[in-house]
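**Q** So that we are looking at the same thing, I have put the structure below in structure tokens.
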Amino acid sequence: MKIGFIGLGNMGSAILRAVAKSGQHELLFSDHNADKLAELVVLYKGKISNNQEIAAQADVVFLGIKPHLVGLVLTEVKEAVSKNPSAVWISMAAGVSLEQLAQFLPADKLVRMMPNTPVAIGQGMTTFATSKAENAQLFQELMAHSGQVKQLPEGLMDAATAIAGCGPAFVYEFIHAMTSAGVQNGLSVADSQLLASQTVLGSAQMVLETGQHPAHLRDQVTSPGGSTIAGVVAMTQAGFQAATMEAVNAALDKTRELGK
Ligand SMILES: NC(=O)c1ccc[n+]([C@@H]2O[C@H](COP(=O)([O-])OP(=O)(O)OC[C@H]3O[C@@H](n4cnc5c(N)ncnc54)[C@H](OP(=O)(O)O)[C@@H]3O)[C@@H](O)[C@H]2O)c1
């Protein structure tokens, strides 16, 4: 298949890395940054192209531009799109709905996806919405090397964006804070960062593998009157849970605003 990428910034190039792993596809790249394109061509054996050519020739197009540019770019390629109506378009633009995309593209050829940056190392959490089962199957095949992929009703995509799309930043803030506290208590930055990040990784893996509620797993770490419960109480008093929920809800509000 010919797969085109329009916009190869942070997210577009992370998706490219996952999609290219199968080694089965012809890849076409379009972005403003010539140096980045030259680098990607060497890394992934693709071809430098442009938006018109991709819209006219590709079987699948990943749209990796910022949400406010989607209308502009799709207006520019409208004629090329009409000559290649069987192409499937996959948009990663936060907050941009299938209905909005269908103003420019065939409605039955659309996938709205919400990836996150760990896709680049095969540990992403990607959600997607589409109205057609064949688009869902194609999308899951293309993303097979990206991490976990889950289809959702479109009405839940903004909520998914606020958790999984924005979530890595929230988790990095947590790892940063843990690392700083370790340094404050005498650990080197490198050791503290290793301890904090492996603890997050292992704890997340425990939740996924056991399927148990995080509160239940937390109880297994907190012996009565011990040091862990003292830390958990301090977190609660400092508003950690409320701050985390506020972060997700602020991200959700902003996602909805961006899609307007
Ligand atoms: N970053 C994340 O964690 C994340 C997570 C989930 C979803 N997303 C979504 O992914 C999309 C891209 O976000 P990003 O963070 O990757 O942004 P980004 O790093 O700014 O990447 C966008 C790229 O598109 C290029 N571009 C702009 N206009 C173009 C055009 N007309 N034709 C071809 N390329 C063009 C930009 O080049 P210039 O900068 O030179 O203009 C830039 O390299 C957004 O819609 C965002 O909502 C991002």
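Numbering starts fresh at 1 for the residues of each chain in the structure tokens, the chains themselves are lettered A, B, ... in the order given, and ligands are numbered from 1 as they appear.
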Leaving out Gly95 of chain A and any residue of its chain fewer than 3 positions from it, which residues lie within 9 Å of it when counting only C-alpha atoms, given as a list in words?

**A**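 That gives Pro67, Met92, Met157, Asp158, Thr161, Lys254, Thr255, Arg256, Glu257, Leu258, Gly259 and Lys260 of chain A.
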
**Q** If you count only C-alpha atoms and all ligand atoms, which residues end up within 8 Å of ligand 1, as a VMD selection string?

**A** chain A and resid 6 to 13 30 to 33 50 to 51 63 to 70 72 to 73 91 to 95 113 to 117 161 165 to 166 168

**Q** If DSSP is run on the backbone, what residues of segment 2-141 of chain A are helix (DSSP H, G or I)? A reply as a PyMOL selection string would be ideal.

**A** chain A and resi 10-20+34-44+51-57+67-76+78-83+98-101+107-109+117-121+133-141

**Q** Considering only C-alpha atoms, state which residue in the set A:Gly155, A:Pro224, A:Glu79, A:Asp35 is at the smallest distance from Ala129 of chain A.

**A**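 So, comparing all the options, the nearest one is A:Gly155.
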
**Q** Tell me, in Å to one decimal, how far atom CA of Gly202 of chain A is from atom CA of Ala215 of chain A.

**A**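 These two atoms are separated by 15.6 Å.
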
**Q** List as JSON, numbers by chain the protein and nucleic acid residues near Ala102 of chain A, meaning an atom at most 12 Å away when only C-alpha atoms are counted, but skip any in the same chain fewer than 4 places from it.

**A** {"A": [70, 71, 74, 75, 78, 81, 88, 89, 90, 91, 96, 97, 98, 106, 107, 108, 109, 110, 111, 112, 130, 131]}

**Q** Would you mind exporting the chosen residues as a PDB file, in the first residue's frame, restricted to N, CA and C atoms?

**A**
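File produced: selection_34.pdb:
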```pdb
ATOM      1  N   VAL A  70      -6.319  22.034   9.827  1.00  0.00           N
ATOM      2  CA  VAL A  70      -6.967  20.934   9.102  1.00  0.00           C
ATOM      3  C   VAL A  70      -7.852  21.465   7.959  1.00  0.00           C
ATOM      4  N   GLY A  71      -8.705  22.451   8.257  1.00  0.00           N
ATOM      5  CA  GLY A  71      -9.616  22.987   7.233  1.00  0.00           C
ATOM      6  C   GLY A  71      -8.842  23.581   6.058  1.00  0.00           C
ATOM      7  N   LEU A  74      -7.034  20.732   3.998  1.00  0.00           N
ATOM      8  CA  LEU A  74      -7.980  19.891   3.253  1.00  0.00           C
ATOM      9  C   LEU A  74      -8.674  20.675   2.137  1.00  0.00           C
ATOM     10  N   THR A  75      -8.838  21.982   2.313  1.00  0.00           N
ATOM     11  CA  THR A  75      -9.388  22.813   1.230  1.00  0.00           C
ATOM     12  C   THR A  75      -8.400  22.850   0.069  1.00  0.00           C
ATOM     13  N   LYS A  78      -8.570  19.600  -2.046  1.00  0.00           N
ATOM     14  CA  LYS A  78      -9.921  19.109  -2.350  1.00  0.00           C
ATOM     15  C   LYS A  78     -10.013  18.452  -3.737  1.00  0.00           C
ATOM     16  N   VAL A  81      -8.312  15.117  -3.816  1.00  0.00           N
ATOM     17  CA  VAL A  81      -9.117  14.141  -3.069  1.00  0.00           C
ATOM     18  C   VAL A  81     -10.225  13.584  -3.965  1.00  0.00           C
ATOM     19  N   VAL A  88      -8.213   6.149   2.274  1.00  0.00           N
ATOM     20  CA  VAL A  88      -8.679   6.261   3.662  1.00  0.00           C
ATOM     21  C   VAL A  88      -7.854   7.347   4.343  1.00  0.00           C
ATOM     22  N   TRP A  89      -8.535   8.302   4.991  1.00  0.00           N
ATOM     23  CA  TRP A  89      -7.850   9.417   5.672  1.00  0.00           C
ATOM     24  C   TRP A  89      -7.930   9.207   7.185  1.00  0.00           C
ATOM     25  N   ILE A  90      -6.773   9.298   7.821  1.00  0.00           N
ATOM     26  CA  ILE A  90      -6.690   9.074   9.269  1.00  0.00           C
ATOM     27  C   ILE A  90      -6.197  10.362   9.920  1.00  0.00           C
ATOM     28  N   SER A  91      -7.087  10.997  10.672  1.00  0.00           N
ATOM     29  CA  SER A  91      -6.716  12.276  11.302  1.00  0.00           C
ATOM     30  C   SER A  91      -6.361  12.079  12.770  1.00  0.00           C
ATOM     31  N   VAL A  96     -10.953  17.398  16.476  1.00  0.00           N
ATOM     32  CA  VAL A  96     -11.584  17.552  15.147  1.00  0.00           C
ATOM     33  C   VAL A  96     -12.428  16.302  14.858  1.00  0.00           C
ATOM     34  N   SER A  97     -13.751  16.515  14.693  1.00  0.00           N
ATOM     35  CA  SER A  97     -14.686  15.383  14.608  1.00  0.00           C
ATOM     36  C   SER A  97     -14.736  14.774  13.212  1.00  0.00           C
ATOM     37  N   LEU A  98     -15.301  13.569  13.146  1.00  0.00           N
ATOM     38  CA  LEU A  98     -15.514  12.913  11.847  1.00  0.00           C
ATOM     39  C   LEU A  98     -16.439  13.782  10.979  1.00  0.00           C
ATOM     40  N   PRO A 106     -14.442  11.993   1.866  1.00  0.00           N
ATOM     41  CA  PRO A 106     -15.570  11.049   1.850  1.00  0.00           C
ATOM     42  C   PRO A 106     -15.849  10.484   3.251  1.00  0.00           C
ATOM     43  N   ALA A 107     -17.091  10.614   3.703  1.00  0.00           N
ATOM     44  CA  ALA A 107     -17.444  10.260   5.095  1.00  0.00           C
ATOM     45  C   ALA A 107     -17.159   8.799   5.432  1.00  0.00           C
ATOM     46  N   ASP A 108     -17.269   7.909   4.425  1.00  0.00           N
ATOM     47  CA  ASP A 108     -17.073   6.480   4.720  1.00  0.00           C
ATOM     48  C   ASP A 108     -15.609   6.059   4.620  1.00  0.00           C
ATOM     49  N   LYS A 109     -14.716   7.031   4.466  1.00  0.00           N
ATOM     50  CA  LYS A 109     -13.275   6.714   4.350  1.00  0.00           C
ATOM     51  C   LYS A 109     -12.472   7.388   5.455  1.00  0.00           C
ATOM     52  N   LEU A 110     -13.136   7.612   6.586  1.00  0.00           N
ATOM     53  CA  LEU A 110     -12.478   8.411   7.629  1.00  0.00           C
ATOM     54  C   LEU A 110     -12.207   7.618   8.908  1.00  0.00           C
ATOM     55  N   VAL A 111     -11.055   7.896   9.491  1.00  0.00           N
ATOM     56  CA  VAL A 111     -10.753   7.409  10.834  1.00  0.00           C
ATOM     57  C   VAL A 111     -10.272   8.619  11.630  1.00  0.00           C
ATOM     58  N   ARG A 112     -10.827   8.775  12.827  1.00  0.00           N
ATOM     59  CA  ARG A 112     -10.303   9.794  13.756  1.00  0.00           C
ATOM     60  C   ARG A 112      -9.516   9.048  14.815  1.00  0.00           C
ATOM     61  N   THR A 130     -14.436   5.321  13.924  1.00  0.00           N
ATOM     62  CA  THR A 130     -14.730   5.282  12.491  1.00  0.00           C
ATOM     63  C   THR A 130     -16.113   4.674  12.323  1.00  0.00           C
ATOM     64  N   SER A 131     -16.762   4.989  11.200  1.00  0.00           N
ATOM     65  CA  SER A 131     -18.119   4.448  11.017  1.00  0.00           C
ATOM     66  C   SER A 131     -18.097   3.113  10.281  1.00  0.00           C
TER      67      SER A 131
END
```
